[in-house]
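Enquirer: my_file12.cif is reproduced in full below (mmCIF, C-alpha atoms and all ligand atoms).
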```cif
data_query
loop_
_atom_site.label_atom_id
_atom_site.label_comp_id
_atom_site.auth_asym_id
_atom_site.auth_seq_id
_atom_site.Cartn_x
_atom_site.Cartn_y
_atom_site.Cartn_z
CA MET A 28 -0.55 -10.30 -24.38
CA LYS A 29 0.86 -6.80 -24.29
CA LEU A 30 0.56 -5.28 -20.84
CA MET A 31 1.01 -1.78 -19.51
CA VAL A 32 1.70 -1.15 -15.81
CA ILE A 33 1.22 2.37 -14.46
CA GLY A 34 3.63 3.46 -11.71
CA GLY A 35 7.28 3.35 -10.88
CA GLY A 36 8.00 2.07 -7.37
CA GLY A 37 9.00 -1.13 -5.63
CA ARG A 38 5.41 -2.31 -5.67
CA GLU A 39 5.22 -1.98 -9.46
CA HIS A 40 8.52 -3.82 -9.78
CA ALA A 41 7.07 -6.73 -7.78
CA VAL A 42 3.87 -6.70 -9.86
CA ILE A 43 5.88 -6.74 -13.11
CA ARG A 44 8.17 -9.59 -11.97
CA LYS A 45 5.14 -11.67 -11.08
CA LEU A 46 3.26 -10.85 -14.28
CA LYS A 47 6.34 -11.81 -16.32
CA GLU A 48 6.11 -15.39 -15.05
CA ASP A 49 2.91 -15.87 -17.03
CA PRO A 50 3.52 -17.53 -20.41
CA ALA A 51 0.66 -15.49 -21.93
CA VAL A 52 2.60 -12.25 -21.38
CA THR A 53 4.71 -11.19 -24.36
CA GLU A 54 5.58 -7.58 -23.50
CA ILE A 55 5.29 -5.27 -20.51
CA TYR A 56 5.53 -1.48 -20.67
CA ALA A 57 6.01 0.48 -17.44
CA LEU A 58 4.81 4.11 -17.29
CA PRO A 59 7.12 5.58 -16.10
CA GLY A 60 8.87 2.62 -14.38
CA ASN A 61 12.36 3.24 -12.94
CA GLY A 62 16.00 2.23 -13.44
CA GLY A 63 15.49 -1.20 -11.91
CA ILE A 64 12.18 -1.91 -13.61
CA ALA A 65 13.98 -1.16 -16.91
CA ARG A 66 15.67 -4.56 -16.59
CA ASP A 67 12.27 -6.32 -16.54
CA ALA A 68 10.05 -4.14 -18.72
CA VAL A 69 10.19 -1.38 -21.31
CA CYS A 70 10.03 1.93 -19.44
CA VAL A 71 8.17 4.76 -21.14
CA ASP A 72 8.56 8.34 -20.02
CA ILE A 73 4.91 9.04 -19.29
CA GLY A 74 4.06 10.03 -15.72
CA ALA A 75 1.59 8.05 -13.60
CA LYS A 76 -0.79 11.06 -13.49
CA ASP A 77 -0.63 11.81 -17.23
CA ILE A 78 -3.93 10.19 -18.14
CA PRO A 79 -4.18 11.52 -21.74
CA GLY A 80 -0.58 10.37 -22.26
CA MET A 81 -1.28 6.84 -21.07
CA VAL A 82 -4.47 6.55 -23.11
CA ALA A 83 -2.66 7.68 -26.28
CA PHE A 84 0.23 5.29 -25.64
CA ALA A 85 -2.11 2.34 -24.97
CA ARG A 86 -3.93 2.99 -28.23
CA GLU A 87 -0.75 3.40 -30.26
CA GLN A 88 0.73 0.19 -28.90
CA SER A 89 -2.56 -1.78 -28.95
CA ILE A 90 -2.17 -2.66 -25.27
CA ASP A 91 -4.30 -5.69 -24.35
CA PHE A 92 -4.51 -5.05 -20.61
CA ALA A 93 -3.52 -2.18 -18.33
CA VAL A 94 -2.71 -2.47 -14.63
CA VAL A 95 -3.14 0.76 -12.68
CA THR A 96 -1.49 0.47 -9.26
CA PRO A 97 -0.87 3.91 -7.64
CA ASP A 98 -3.56 5.83 -5.77
CA ASP A 99 -3.29 9.14 -7.68
CA PRO A 100 -4.22 7.90 -11.19
CA LEU A 101 -6.98 5.70 -9.73
CA VAL A 102 -8.56 8.60 -7.86
CA LEU A 103 -8.11 10.84 -10.92
CA GLY A 104 -10.02 8.37 -13.12
CA ALA A 105 -7.29 6.62 -15.14
CA VAL A 106 -9.31 3.41 -15.32
CA ASP A 107 -12.42 5.25 -16.54
CA ALA A 108 -10.41 6.94 -19.31
CA LEU A 109 -8.61 3.78 -20.43
CA GLU A 110 -11.76 1.66 -20.41
CA ALA A 111 -13.60 4.36 -22.37
CA ALA A 112 -10.82 4.12 -24.96
CA GLY A 113 -11.35 0.36 -25.20
CA ILE A 114 -8.37 -0.68 -23.04
CA PRO A 115 -9.36 -3.27 -20.41
CA CYS A 116 -7.93 -2.44 -16.97
CA PHE A 117 -7.16 -3.89 -13.59
CA GLY A 118 -8.11 -1.35 -10.94
CA PRO A 119 -11.19 0.43 -9.59
CA ASP A 120 -12.88 3.25 -11.48
CA LYS A 121 -12.96 6.74 -10.03
CA LYS A 122 -16.23 6.21 -8.18
CA ALA A 123 -14.94 3.11 -6.43
CA ALA A 124 -11.47 4.58 -5.73
CA MET A 125 -13.26 7.10 -3.45
CA ILE A 126 -12.93 4.45 -0.75
CA GLU A 127 -9.29 5.56 -0.51
CA GLY A 128 -9.64 9.04 -2.00
CA SER A 129 -11.90 10.36 0.76
CA LYS A 130 -11.67 9.31 4.39
CA VAL A 131 -15.00 11.07 5.04
CA PHE A 132 -16.59 8.86 2.38
CA SER A 133 -15.06 5.67 3.80
CA LYS A 134 -16.01 6.48 7.40
CA ARG A 135 -19.62 7.23 6.39
CA LEU A 136 -19.73 4.01 4.38
CA MET A 137 -18.59 1.98 7.37
CA GLU A 138 -21.05 3.71 9.68
CA LYS A 139 -23.97 3.20 7.29
CA TYR A 140 -23.24 -0.50 6.77
CA GLY A 141 -22.17 -1.39 10.31
CA ILE A 142 -18.55 -2.19 9.47
CA PRO A 143 -16.39 -1.97 12.61
CA THR A 144 -14.11 1.10 12.73
CA ALA A 145 -13.01 3.82 15.16
CA ALA A 146 -15.73 6.27 16.31
CA TYR A 147 -15.31 9.59 14.48
CA GLN A 148 -16.49 13.11 13.71
CA VAL A 149 -16.16 15.06 10.46
CA PHE A 150 -15.22 18.76 10.39
CA THR A 151 -15.33 21.24 7.53
CA ASP A 152 -14.86 24.28 9.77
CA PRO A 153 -11.47 24.74 11.47
CA ALA A 154 -13.00 26.68 14.39
CA ALA A 155 -15.38 23.81 15.19
CA ALA A 156 -12.52 21.30 14.95
CA LEU A 157 -10.38 23.42 17.28
CA ASP A 158 -13.25 23.60 19.79
CA TYR A 159 -13.71 19.86 19.61
CA VAL A 160 -10.06 19.02 20.29
CA LYS A 161 -10.18 21.13 23.47
CA GLU A 162 -12.34 18.40 24.98
CA ALA A 163 -11.48 15.30 22.98
CA PRO A 164 -9.92 12.33 24.79
CA LEU A 165 -6.15 11.99 24.22
CA PRO A 166 -4.41 10.68 22.24
CA THR A 167 -6.65 11.74 19.40
CA VAL A 168 -6.31 10.87 15.72
CA ILE A 169 -6.61 13.57 13.05
CA LYS A 170 -6.83 12.67 9.38
CA ALA A 171 -6.95 14.82 6.25
CA ASP A 172 -9.89 13.75 4.08
CA GLY A 173 -8.03 13.32 0.79
CA LEU A 174 -4.80 11.77 -0.45
CA ALA A 175 -1.69 13.05 1.36
CA LEU A 176 1.19 10.77 0.31
CA GLY A 177 0.53 8.59 3.36
CA LYS A 178 1.32 11.54 5.63
CA GLY A 179 -2.17 12.85 6.33
CA VAL A 180 -2.60 11.13 9.72
CA VAL A 181 -1.52 12.71 13.01
CA ILE A 182 -1.74 10.89 16.33
CA ALA A 183 -1.82 13.82 18.74
CA GLN A 184 -0.64 13.04 22.27
CA THR A 185 -1.36 16.52 23.60
CA ARG A 186 -3.99 19.22 22.95
CA ARG A 187 -1.27 21.42 21.54
CA GLU A 188 -0.33 18.77 18.95
CA ALA A 189 -3.99 18.29 18.07
CA GLU A 190 -4.50 22.03 17.54
CA ASP A 191 -1.33 22.28 15.47
CA ALA A 192 -2.49 19.40 13.30
CA VAL A 193 -5.92 20.96 12.71
CA ARG A 194 -4.31 24.28 11.83
CA SER A 195 -1.69 22.88 9.49
CA ILE A 196 -4.18 20.67 7.62
CA MET A 197 -7.22 22.98 7.50
CA GLU A 198 -5.78 26.50 7.64
CA ASP A 199 -2.26 26.23 6.20
CA LYS A 200 -3.48 23.58 3.70
CA LYS A 201 -0.40 21.45 4.17
CA PHE A 202 -1.98 18.85 1.86
CA GLY A 203 -3.88 21.32 -0.33
CA ASP A 204 -7.56 20.58 -0.92
CA SER A 205 -7.12 17.18 0.76
CA GLY A 206 -7.51 19.16 4.00
CA ASN A 207 -10.82 20.87 3.19
CA GLN A 208 -12.41 18.35 5.52
CA ILE A 209 -10.90 16.33 8.34
CA VAL A 210 -11.85 13.27 10.31
CA ILE A 211 -11.08 13.22 14.03
CA GLU A 212 -11.32 9.75 15.42
CA GLU A 213 -10.93 7.56 18.44
CA PHE A 214 -7.44 6.20 19.13
CA LEU A 215 -7.43 2.41 18.85
CA THR A 216 -4.83 -0.03 20.09
CA GLY A 217 -3.74 -3.49 19.01
CA PRO A 218 -1.59 -5.17 16.39
CA GLU A 219 -2.01 -3.98 12.82
CA VAL A 220 -2.60 -6.32 9.90
CA SER A 221 -2.64 -5.56 6.18
CA VAL A 222 -4.88 -7.74 4.06
CA LEU A 223 -4.83 -7.19 0.31
CA SER A 224 -7.70 -8.79 -1.57
CA PHE A 225 -8.77 -9.43 -5.12
CA THR A 226 -12.34 -8.49 -5.88
CA ASP A 227 -14.51 -8.32 -8.98
CA GLY A 228 -17.27 -6.40 -7.21
CA ASN A 229 -19.08 -9.55 -6.09
CA THR A 230 -16.53 -12.09 -4.91
CA VAL A 231 -13.67 -11.19 -2.57
CA VAL A 232 -10.54 -13.34 -2.28
CA PRO A 233 -8.08 -12.27 0.41
CA MET A 234 -4.38 -12.72 -0.27
CA VAL A 235 -1.91 -13.84 2.38
CA SER A 236 -1.88 -11.34 5.31
CA SER A 237 1.12 -9.13 6.05
CA MET A 238 2.58 -6.64 8.53
CA ASP A 239 4.10 -3.30 7.55
CA HIS A 240 6.67 -1.38 9.63
CA LYS A 241 5.88 2.29 9.10
CA ARG A 242 8.30 4.09 11.41
CA ALA A 243 11.73 5.06 10.12
CA ARG A 244 13.79 3.69 13.02
CA ASP A 245 14.21 0.46 14.97
CA ASN A 246 11.68 -0.30 17.73
CA ASP A 247 9.05 1.80 15.95
CA GLN A 248 10.86 5.05 16.66
CA GLY A 249 11.25 7.98 14.30
CA LEU A 250 8.94 9.46 11.73
CA ASN A 251 6.20 7.70 9.78
CA THR A 252 7.35 6.56 6.34
CA GLY A 253 5.78 4.86 3.37
CA GLY A 254 6.92 1.56 4.94
CA MET A 255 10.39 0.27 5.91
CA GLY A 256 9.74 -3.45 5.59
CA THR A 257 7.13 -6.18 5.69
CA ILE A 258 6.62 -9.79 6.65
CA ALA A 259 3.97 -12.30 5.56
CA PRO A 260 1.94 -14.00 6.81
CA ASN A 261 1.10 -11.87 9.86
CA PRO A 262 1.08 -14.21 12.90
CA TYR A 263 -1.57 -12.13 14.70
CA TYR A 264 -3.99 -12.90 11.88
CA THR A 265 -5.14 -16.35 13.04
CA PRO A 266 -7.67 -18.45 11.10
CA ASP A 267 -10.37 -17.43 13.61
CA ILE A 268 -9.67 -13.75 13.10
CA ALA A 269 -9.52 -14.23 9.34
CA ALA A 270 -12.96 -15.86 9.37
CA ARG A 271 -14.34 -13.00 11.46
CA CYS A 272 -12.85 -10.38 9.13
CA MET A 273 -14.37 -12.12 6.14
CA GLU A 274 -17.90 -11.98 7.64
CA GLU A 275 -17.71 -8.65 9.51
CA ILE A 276 -15.52 -6.59 7.20
CA PHE A 277 -14.57 -7.96 3.77
CA LYS A 278 -17.91 -9.21 2.46
CA PRO A 279 -19.88 -6.29 3.98
CA THR A 280 -17.51 -3.78 2.37
CA ILE A 281 -17.84 -5.33 -1.09
CA ALA A 282 -21.63 -5.46 -0.70
CA ALA A 283 -21.73 -1.86 0.58
CA MET A 284 -19.80 -0.56 -2.43
CA ARG A 285 -22.14 -2.46 -4.75
CA ALA A 286 -25.20 -1.08 -2.94
CA GLU A 287 -23.81 2.46 -3.29
CA GLY A 288 -23.52 2.01 -7.05
CA ARG A 289 -19.73 1.91 -6.81
CA PRO A 290 -18.80 -1.73 -7.34
CA PHE A 291 -15.11 -2.14 -6.55
CA LYS A 292 -12.99 -4.13 -9.01
CA GLY A 293 -9.29 -4.53 -8.40
CA CYS A 294 -7.18 -4.86 -5.27
CA LEU A 295 -8.87 -3.66 -2.13
CA TYR A 296 -6.46 -3.22 0.77
CA PHE A 297 -7.85 -3.57 4.28
CA GLY A 298 -5.70 -1.87 6.93
CA LEU A 299 -6.93 -3.52 10.12
CA MET A 300 -6.30 -3.16 13.81
CA LEU A 301 -6.98 -6.15 16.06
CA THR A 302 -8.43 -4.30 19.04
CA PRO A 303 -9.57 -5.88 22.31
CA GLN A 304 -13.13 -5.41 20.93
CA GLY A 305 -12.31 -7.26 17.72
CA PRO A 306 -10.90 -6.39 14.32
CA LYS A 307 -11.61 -2.85 13.09
CA VAL A 308 -10.82 -1.01 9.87
CA ILE A 309 -8.11 1.66 10.19
CA GLU A 310 -8.10 2.48 6.48
CA TYR A 311 -8.98 1.22 3.04
CA ASN A 312 -6.65 1.57 0.09
CA SER A 313 -7.91 1.10 -3.44
CA ARG A 314 -4.71 -0.60 -4.55
CA PHE A 315 -1.85 -2.92 -3.67
CA GLY A 316 0.20 -1.78 -0.66
CA ASP A 317 3.83 -0.81 -0.82
CA PRO A 318 5.87 -2.64 0.56
CA GLU A 319 3.20 -5.29 1.32
CA THR A 320 3.13 -6.36 -2.33
CA GLN A 321 6.84 -7.18 -2.13
CA VAL A 322 6.09 -10.02 0.35
CA VAL A 323 2.61 -11.04 -0.83
CA LEU A 324 3.28 -11.66 -4.53
CA PRO A 325 6.41 -13.81 -4.00
CA LEU A 326 4.14 -16.18 -2.03
CA MET A 327 1.48 -16.32 -4.76
CA GLU A 328 1.57 -19.65 -6.59
CA SER A 329 -1.25 -19.15 -9.09
CA SER A 330 -1.20 -16.66 -11.97
CA LEU A 331 -1.43 -12.95 -11.10
CA LEU A 332 -2.51 -12.14 -14.64
CA GLU A 333 -5.45 -14.55 -14.46
CA ALA A 334 -6.54 -13.15 -11.10
CA MET A 335 -6.36 -9.60 -12.46
CA LEU A 336 -8.29 -10.49 -15.60
CA ALA A 337 -10.93 -12.20 -13.45
CA CYS A 338 -11.34 -9.05 -11.32
CA ARG A 339 -11.95 -7.06 -14.49
CA ASN A 340 -14.26 -9.60 -16.10
CA GLY A 341 -16.31 -10.61 -13.06
CA THR A 342 -15.16 -14.23 -13.00
CA LEU A 343 -13.21 -14.33 -9.77
CA ASP A 344 -15.47 -17.06 -8.33
CA LYS A 345 -14.22 -19.40 -11.07
CA THR A 346 -10.55 -18.50 -10.79
CA ASP A 347 -7.80 -20.35 -8.99
CA VAL A 348 -6.02 -18.01 -6.54
CA ARG A 349 -3.45 -19.80 -4.40
CA PHE A 350 -0.63 -18.88 -2.04
CA SER A 351 2.18 -21.11 -0.81
CA GLY A 352 2.23 -22.00 2.87
CA GLY A 353 5.63 -20.30 3.16
CA CYS A 354 6.77 -17.01 4.64
CA ALA A 355 8.43 -13.89 3.30
CA CYS A 356 10.34 -10.90 4.62
CA CYS A 357 11.15 -7.67 2.77
CA VAL A 358 13.73 -5.24 4.19
CA VAL A 359 13.63 -1.78 2.63
CA MET A 360 17.00 -0.10 2.06
CA ALA A 361 16.53 3.68 2.12
CA SER A 362 18.72 6.75 1.81
CA GLU A 363 19.90 8.05 5.20
CA GLY A 364 17.65 10.97 6.13
CA TYR A 365 14.45 9.59 4.59
CA PRO A 366 11.56 10.54 5.06
CA GLU A 367 13.08 14.01 5.37
CA ALA A 368 16.06 15.36 3.38
CA TYR A 369 18.43 12.82 1.83
CA GLU A 370 21.16 12.72 -0.81
CA LYS A 371 20.87 10.81 -4.05
CA GLY A 372 22.95 9.85 -7.06
CA TYR A 373 25.00 7.10 -5.37
CA GLU A 374 25.79 3.95 -7.32
CA ILE A 375 24.09 0.73 -6.21
CA THR A 376 26.22 -2.41 -6.50
CA MET A 377 25.35 -5.99 -5.71
CA ASP A 378 27.59 -8.99 -5.02
CA SER A 379 27.43 -11.64 -7.72
CA ASP A 380 25.75 -14.17 -5.42
CA VAL A 381 22.65 -12.14 -4.50
CA ALA A 382 19.80 -14.63 -4.26
CA ALA A 383 17.03 -12.28 -3.12
CA GLN A 384 14.29 -10.72 -5.16
CA VAL A 385 15.52 -7.13 -5.23
CA TYR A 386 12.69 -4.74 -6.05
CA ILE A 387 13.90 -1.30 -7.05
CA ALA A 388 11.85 1.65 -5.80
CA GLY A 389 14.03 4.74 -6.28
CA ALA A 390 16.88 4.37 -8.75
CA LYS A 391 17.72 5.48 -12.25
CA LEU A 392 19.99 4.02 -14.88
CA GLU A 393 23.00 5.97 -16.11
CA GLY A 394 24.60 3.87 -18.82
CA ASP A 395 24.56 0.50 -17.12
CA ARG A 396 25.07 1.92 -13.62
CA LEU A 397 22.14 2.05 -11.23
CA LEU A 398 22.10 5.26 -9.15
CA THR A 399 19.93 6.04 -6.12
CA SER A 400 17.19 8.55 -6.89
CA GLY A 401 14.70 8.26 -4.06
CA GLY A 402 14.16 7.98 -0.32
CA ARG A 403 13.15 4.35 -0.41
CA VAL A 404 15.73 2.87 -2.78
CA LEU A 405 14.96 -0.84 -2.91
CA GLY A 406 13.37 -3.78 -1.11
CA VAL A 407 15.14 -7.09 -0.48
CA THR A 408 12.74 -10.04 -0.28
CA MET A 409 13.43 -13.62 0.69
CA THR A 410 10.95 -16.45 1.10
CA ALA A 411 11.46 -19.51 3.32
CA PRO A 412 9.40 -22.20 5.04
CA THR A 413 9.42 -20.31 8.38
CA LEU A 414 9.28 -16.63 9.23
CA LYS A 415 12.49 -16.87 11.24
CA GLN A 416 14.33 -18.28 8.22
CA ALA A 417 12.85 -15.67 5.87
CA ILE A 418 13.93 -12.81 8.15
CA GLY A 419 17.45 -14.24 8.59
CA ALA A 420 17.82 -14.80 4.86
CA ALA A 421 16.61 -11.30 3.94
CA TYR A 422 19.13 -9.68 6.31
CA GLU A 423 21.92 -11.90 4.93
CA GLN A 424 21.10 -10.62 1.45
CA VAL A 425 21.00 -6.98 2.58
CA GLU A 426 24.73 -7.33 3.40
CA LYS A 427 25.41 -8.07 -0.28
CA ILE A 428 23.87 -4.84 -1.59
CA HIS A 429 25.81 -1.61 -1.33
CA PHE A 430 25.32 2.11 -1.79
CA GLN A 431 26.59 5.14 0.07
CA ASN A 432 24.33 6.44 2.87
CA ALA A 433 22.25 3.24 2.87
CA TYR A 434 19.92 2.98 5.85
CA TYR A 435 17.60 0.17 6.89
CA ARG A 436 15.81 -1.06 9.98
CA HIS A 437 17.37 -4.01 11.80
CA ASP A 438 14.18 -5.28 13.41
CA ILE A 439 11.78 -6.06 10.55
CA GLY A 440 9.71 -9.03 11.70
CA SER A 441 10.85 -8.99 15.32
CA ARG A 442 7.42 -8.09 16.68
CA ALA A 443 5.94 -10.90 14.60
CA MET A 444 8.56 -13.31 15.96
CA ARG A 445 7.69 -12.30 19.53
CA ALA A 446 4.04 -13.03 18.76
CA LEU A 447 4.94 -16.47 17.38
CA GLU A 448 7.27 -17.36 20.21
CA GLY A 449 4.84 -16.03 22.82
P1 LIG B 1 -3.34 5.52 7.73
O1 LIG B 1 -2.61 6.47 6.83
O2 LIG B 1 -4.80 5.74 7.84
O3 LIG B 1 -2.90 4.10 7.50
O4 LIG B 1 -2.74 5.77 9.18
C1 LIG B 1 -1.36 5.65 9.42
C2 LIG B 1 -1.14 4.93 10.71
O5 LIG B 1 -1.71 5.68 11.80
C3 LIG B 1 -1.83 3.58 10.80
O6 LIG B 1 -1.09 2.56 10.22
C4 LIG B 1 -1.95 3.41 12.29
O7 LIG B 1 -0.72 2.95 12.83
C5 LIG B 1 -2.17 4.80 12.78
N1 LIG B 1 -3.62 5.04 13.00
C6 LIG B 1 -4.52 5.47 12.10
N2 LIG B 1 -5.74 5.56 12.65
C7 LIG B 1 -5.60 5.18 13.94
C8 LIG B 1 -6.51 5.06 15.05
N3 LIG B 1 -7.81 5.37 14.95
N4 LIG B 1 -6.01 4.63 16.23
C9 LIG B 1 -4.69 4.34 16.35
N5 LIG B 1 -3.80 4.42 15.37
C10 LIG B 1 -4.24 4.85 14.16
N1 LIG B 2 2.12 0.24 3.14
C1 LIG B 2 0.98 1.04 3.27
C2 LIG B 2 0.40 1.52 2.00
O1 LIG B 2 0.73 1.05 0.92
O2 LIG B 2 -0.45 2.39 2.05
#
```
Output the file's structure as structure tokens, nothing else.

Expert:
Amino acid sequence: MKLMVIGGGGREHAVIRKLKEDPAVTEIYALPGNGGIARDAVCVDIGAKDIPGMVAFAREQSIDFAVVTPDDPLVLGAVDALEAAGIPCFGPDKKAAMIEGSKVFSKRLMEKYGIPTAAYQVFTDPAAALDYVKEAPLPTVIKADGLALGKGVVIAQTRREAEDAVRSIMEDKKFGDSGNQIVIEEFLTGPEVSVLSFTDGNTVVPMVSSMDHKRARDNDQGLNTGGMGTIAPNPYYTPDIAARCMEEIFKPTIAAMRAEGRPFKGCLYFGLMLTPQGPKVIEYNSRFGDPETQVVLPLMESSLLEAMLACRNGTLDKTDVRFSGGCACCVVMASEGYPEAYEKGYEITMDSDVAAQVYIAGAKLEGDRLLTSGGRVLGVTMTAPTLKQAIGAAYEQVEKIHFQNAYYRHDIGSRAMRALEG
């Protein structure tokens, strides 16, 4: 089978490595891919938002199956366009991708179908929002409605911060039209869990749980980032909680989307918070998480291609989806300064005995040299029978990978270890 994977980050690298294991796969094209992905797939210079470009390429190359992973093309309707051109796809169509594309939509869906989430209000008028935050309990959580590169959420500790957030999102349009509406919601507390799931619109099969580390610096200090590291499984996500999430959140969400005439096919990501009142949804993503994928897929024992085909074809109930009982840790190596200004163009070198899965997120090839080209440069994943071993092994491997101005967190997995050790 000839596959095409849309995107060019560490997540896509992990997806491609896993797809390559399948004997049915003969070729993989990555649009646009990156310098590291180029060692595992054929990179094609077509951007992830260039929908006419990807449709034309898929037709020319007679692509058998397309995997659309990033949020932008999904929300823009890449799957609709490819399917209309006769190219079968993994990923939700535009109507279903609304679950990530609009927080107002997802909050109303949860309210209508009784799915546990933070209490909220929607505002389309900045003056009304500013009035509301004068009285709202603190901290208060302010979210831009649309996509905002993972930066559209502000946890305001003071009224001043809340007002500034409303103004910058709604008046200054910091995220463009994504800020035409905002959600202001209740601040929840508790450990966070990411659960990625396969779904064909009827059946939902959760993958192994994971924990992201979103802040730039150790001990959850510093700015929010796209994610500085992950571990799997998440020790807070016990079998009892998993069973509750299945009944109270996963199945009701799939049924709700079907009832709304927006059946969701693809990977539905549940961002959960385990509050004292039980598990609640913090956010939905219509796609694999990054860097969650970099710990989840290395633990998957069954075929990713078969699971993806089953999501597309509605046969997930008959498909074997299995994960090992092991653990994984991914440490992201970033450029010093990320998520703000950083330098790029430094050569990445690796010792000859690197044993990790190294997933490249931001690097380009120059001749046969790999040069940094992004804030998050790469993720270093190790699997092991225990979480402690996986964390130790990942950090050992990090020492073998070098580039100027490299920065990484030293405490990925330490909160999870504290939970395990009590
Ligand atoms: P999101 O982009 O929706 O994932 O939000 C980013 C981060 O903000 C989440 O991972 C949480 O840590 C935090 N967050 C979002 N909503 C809430 C909430 N209602 N209460 C507390 N923290 C939140
Ligand atoms: N790691 C969070 C996300 O992919 O949105």

Enquirer: Given 4 Å of margin on each side, can you work out the centre and size in Å (one decimal) of an axis-aligned box holding every listed atom of ligand LIG 1 (chain B), as JSON?

Expert:
```
{"center_x": -4.3, "center_y": 4.5, "center_z": 11.6, "size_x": 15.1, "size_y": 11.9, "size_z": 17.5}
```

Enquirer: Of the residues A:Met81, A:Ala68, A:Met125, A:Leu174, which is the one nearest to ligand LIG 1 (chain B), using all atoms listed in the file?

Expert: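 Distance minimum relative to ligand LIG 1 (chain B) lands on A:Leu174.
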
Enquirer: Can you tell me which residues come within 8 Å of ligand LIG 2 (chain B) when counting all atoms listed in the file, ideally as a list of chain:residue names?

Expert: A:Gly177, A:Asp239, A:Lys241, A:Gly253, A:Gly254, A:Asn312, A:Arg314, A:Phe315, A:Gly316, A:Asp317, A:Pro318, A:Glu319

Enquirer: Just to be explicit: take each residue in the selection above, keep C-alpha atoms, and write the result as an mmCIF file, in the frame of the given file.

Expert:
```
data_model
loop_
_atom_site.group_PDB
_atom_site.id
_atom_site.type_symbol
_atom_site.label_atom_id
_atom_site.label_comp_id
_atom_site.auth_asym_id
_atom_site.auth_seq_id
_atom_site.Cartn_x
_atom_site.Cartn_y
_atom_site.Cartn_z
ATOM 1 C CA GLY A 177 0.530 8.590 3.360
ATOM 2 C CA ASP A 239 4.100 -3.300 7.550
ATOM 3 C CA LYS A 241 5.880 2.290 9.100
ATOM 4 C CA GLY A 253 5.780 4.860 3.370
ATOM 5 C CA GLY A 254 6.920 1.560 4.940
ATOM 6 C CA ASN A 312 -6.650 1.570 0.090
ATOM 7 C CA ARG A 314 -4.710 -0.600 -4.550
ATOM 8 C CA PHE A 315 -1.850 -2.920 -3.670
ATOM 9 C CA GLY A 316 0.200 -1.780 -0.660
ATOM 10 C CA ASP A 317 3.830 -0.810 -0.820
ATOM 11 C CA PRO A 318 5.870 -2.640 0.560
ATOM 12 C CA GLU A 319 3.200 -5.290 1.320
#
```

Enquirer: Which residues come within 6 Å of region 218-224 of chain A, counting only C-alpha atoms, excluding same-chain residues fewer than 5 positions away, as a list in words?

Expert: Val232, Pro233, Met234, Ser236, Ser237, Met238, Cys294, Leu295, Tyr296, Phe297, Gly298, Leu299, Met300 and Leu301 of chain A

Enquirer: Using only C-alpha atoms, please write the residues we just selected to a file, as an mmCIF file, in the frame of the given file.

Expert:
```cif
data_model
loop_
_atom_site.group_PDB
_atom_site.id
_atom_site.type_symbol
_atom_site.label_atom_id
_atom_site.label_comp_id
_atom_site.auth_asym_id
_atom_site.auth_seq_id
_atom_site.Cartn_x
_atom_site.Cartn_y
_atom_site.Cartn_z
ATOM 1 C CA VAL A 232 -10.540 -13.340 -2.280
ATOM 2 C CA PRO A 233 -8.080 -12.270 0.410
ATOM 3 C CA MET A 234 -4.380 -12.720 -0.270
ATOM 4 C CA SER A 236 -1.880 -11.340 5.310
ATOM 5 C CA SER A 237 1.120 -9.130 6.050
ATOM 6 C CA MET A 238 2.580 -6.640 8.530
ATOM 7 C CA CYS A 294 -7.180 -4.860 -5.270
ATOM 8 C CA LEU A 295 -8.870 -3.660 -2.130
ATOM 9 C CA TYR A 296 -6.460 -3.220 0.770
ATOM 10 C CA PHE A 297 -7.850 -3.570 4.280
ATOM 11 C CA GLY A 298 -5.700 -1.870 6.930
ATOM 12 C CA LEU A 299 -6.930 -3.520 10.120
ATOM 13 C CA MET A 300 -6.300 -3.160 13.810
ATOM 14 C CA LEU A 301 -6.980 -6.150 16.060
#
```

Enquirer: Please report as a Markdown table every residue of chain A lying within 6 Å of ligand LIG 1 (chain B), along with the nearest atom pair and their distance in Å (one decimal), using all atoms listed in the file.

Expert:
```
| residue | atom | partner | partner_atom | distance |
| --- | --- | --- | --- | --- |
| A:Ala145 | CA | B:LIG1 | N3 | 5.4 |
| A:Val168 | CA | B:LIG1 | N3 | 5.8 |
| A:Gly177 | CA | B:LIG1 | O1 | 5.1 |
| A:Val180 | CA | B:LIG1 | O4 | 5.4 |
| A:Glu212 | CA | B:LIG1 | N3 | 5.6 |
| A:Glu213 | CA | B:LIG1 | N3 | 5.2 |
| A:Phe214 | CA | B:LIG1 | N4 | 3.6 |
| A:Leu215 | CA | B:LIG1 | N4 | 3.7 |
| A:Thr216 | CA | B:LIG1 | C9 | 5.8 |
| A:Ile309 | CA | B:LIG1 | N2 | 5.2 |
| A:Glu310 | CA | B:LIG1 | O2 | 4.8 |
```

Enquirer: Based on the selection just made, write C-alpha atoms of those residues as a short mmCIF file (atom, residue, chain, number, x, y, z; two decimals), keeping the file's coordinate frame.

Expert:
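Below you can see part_29.cif, which holds the result:
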```cif
data_model
loop_
_atom_site.label_atom_id
_atom_site.label_comp_id
_atom_site.auth_asym_id
_atom_site.auth_seq_id
_atom_site.Cartn_x
_atom_site.Cartn_y
_atom_site.Cartn_z
CA ALA A 145 -13.01 3.82 15.16
CA VAL A 168 -6.31 10.87 15.72
CA GLY A 177 0.53 8.59 3.36
CA VAL A 180 -2.60 11.13 9.72
CA GLU A 212 -11.32 9.75 15.42
CA GLU A 213 -10.93 7.56 18.44
CA PHE A 214 -7.44 6.20 19.13
CA LEU A 215 -7.43 2.41 18.85
CA THR A 216 -4.83 -0.03 20.09
CA ILE A 309 -8.11 1.66 10.19
CA GLU A 310 -8.10 2.48 6.48
#
```
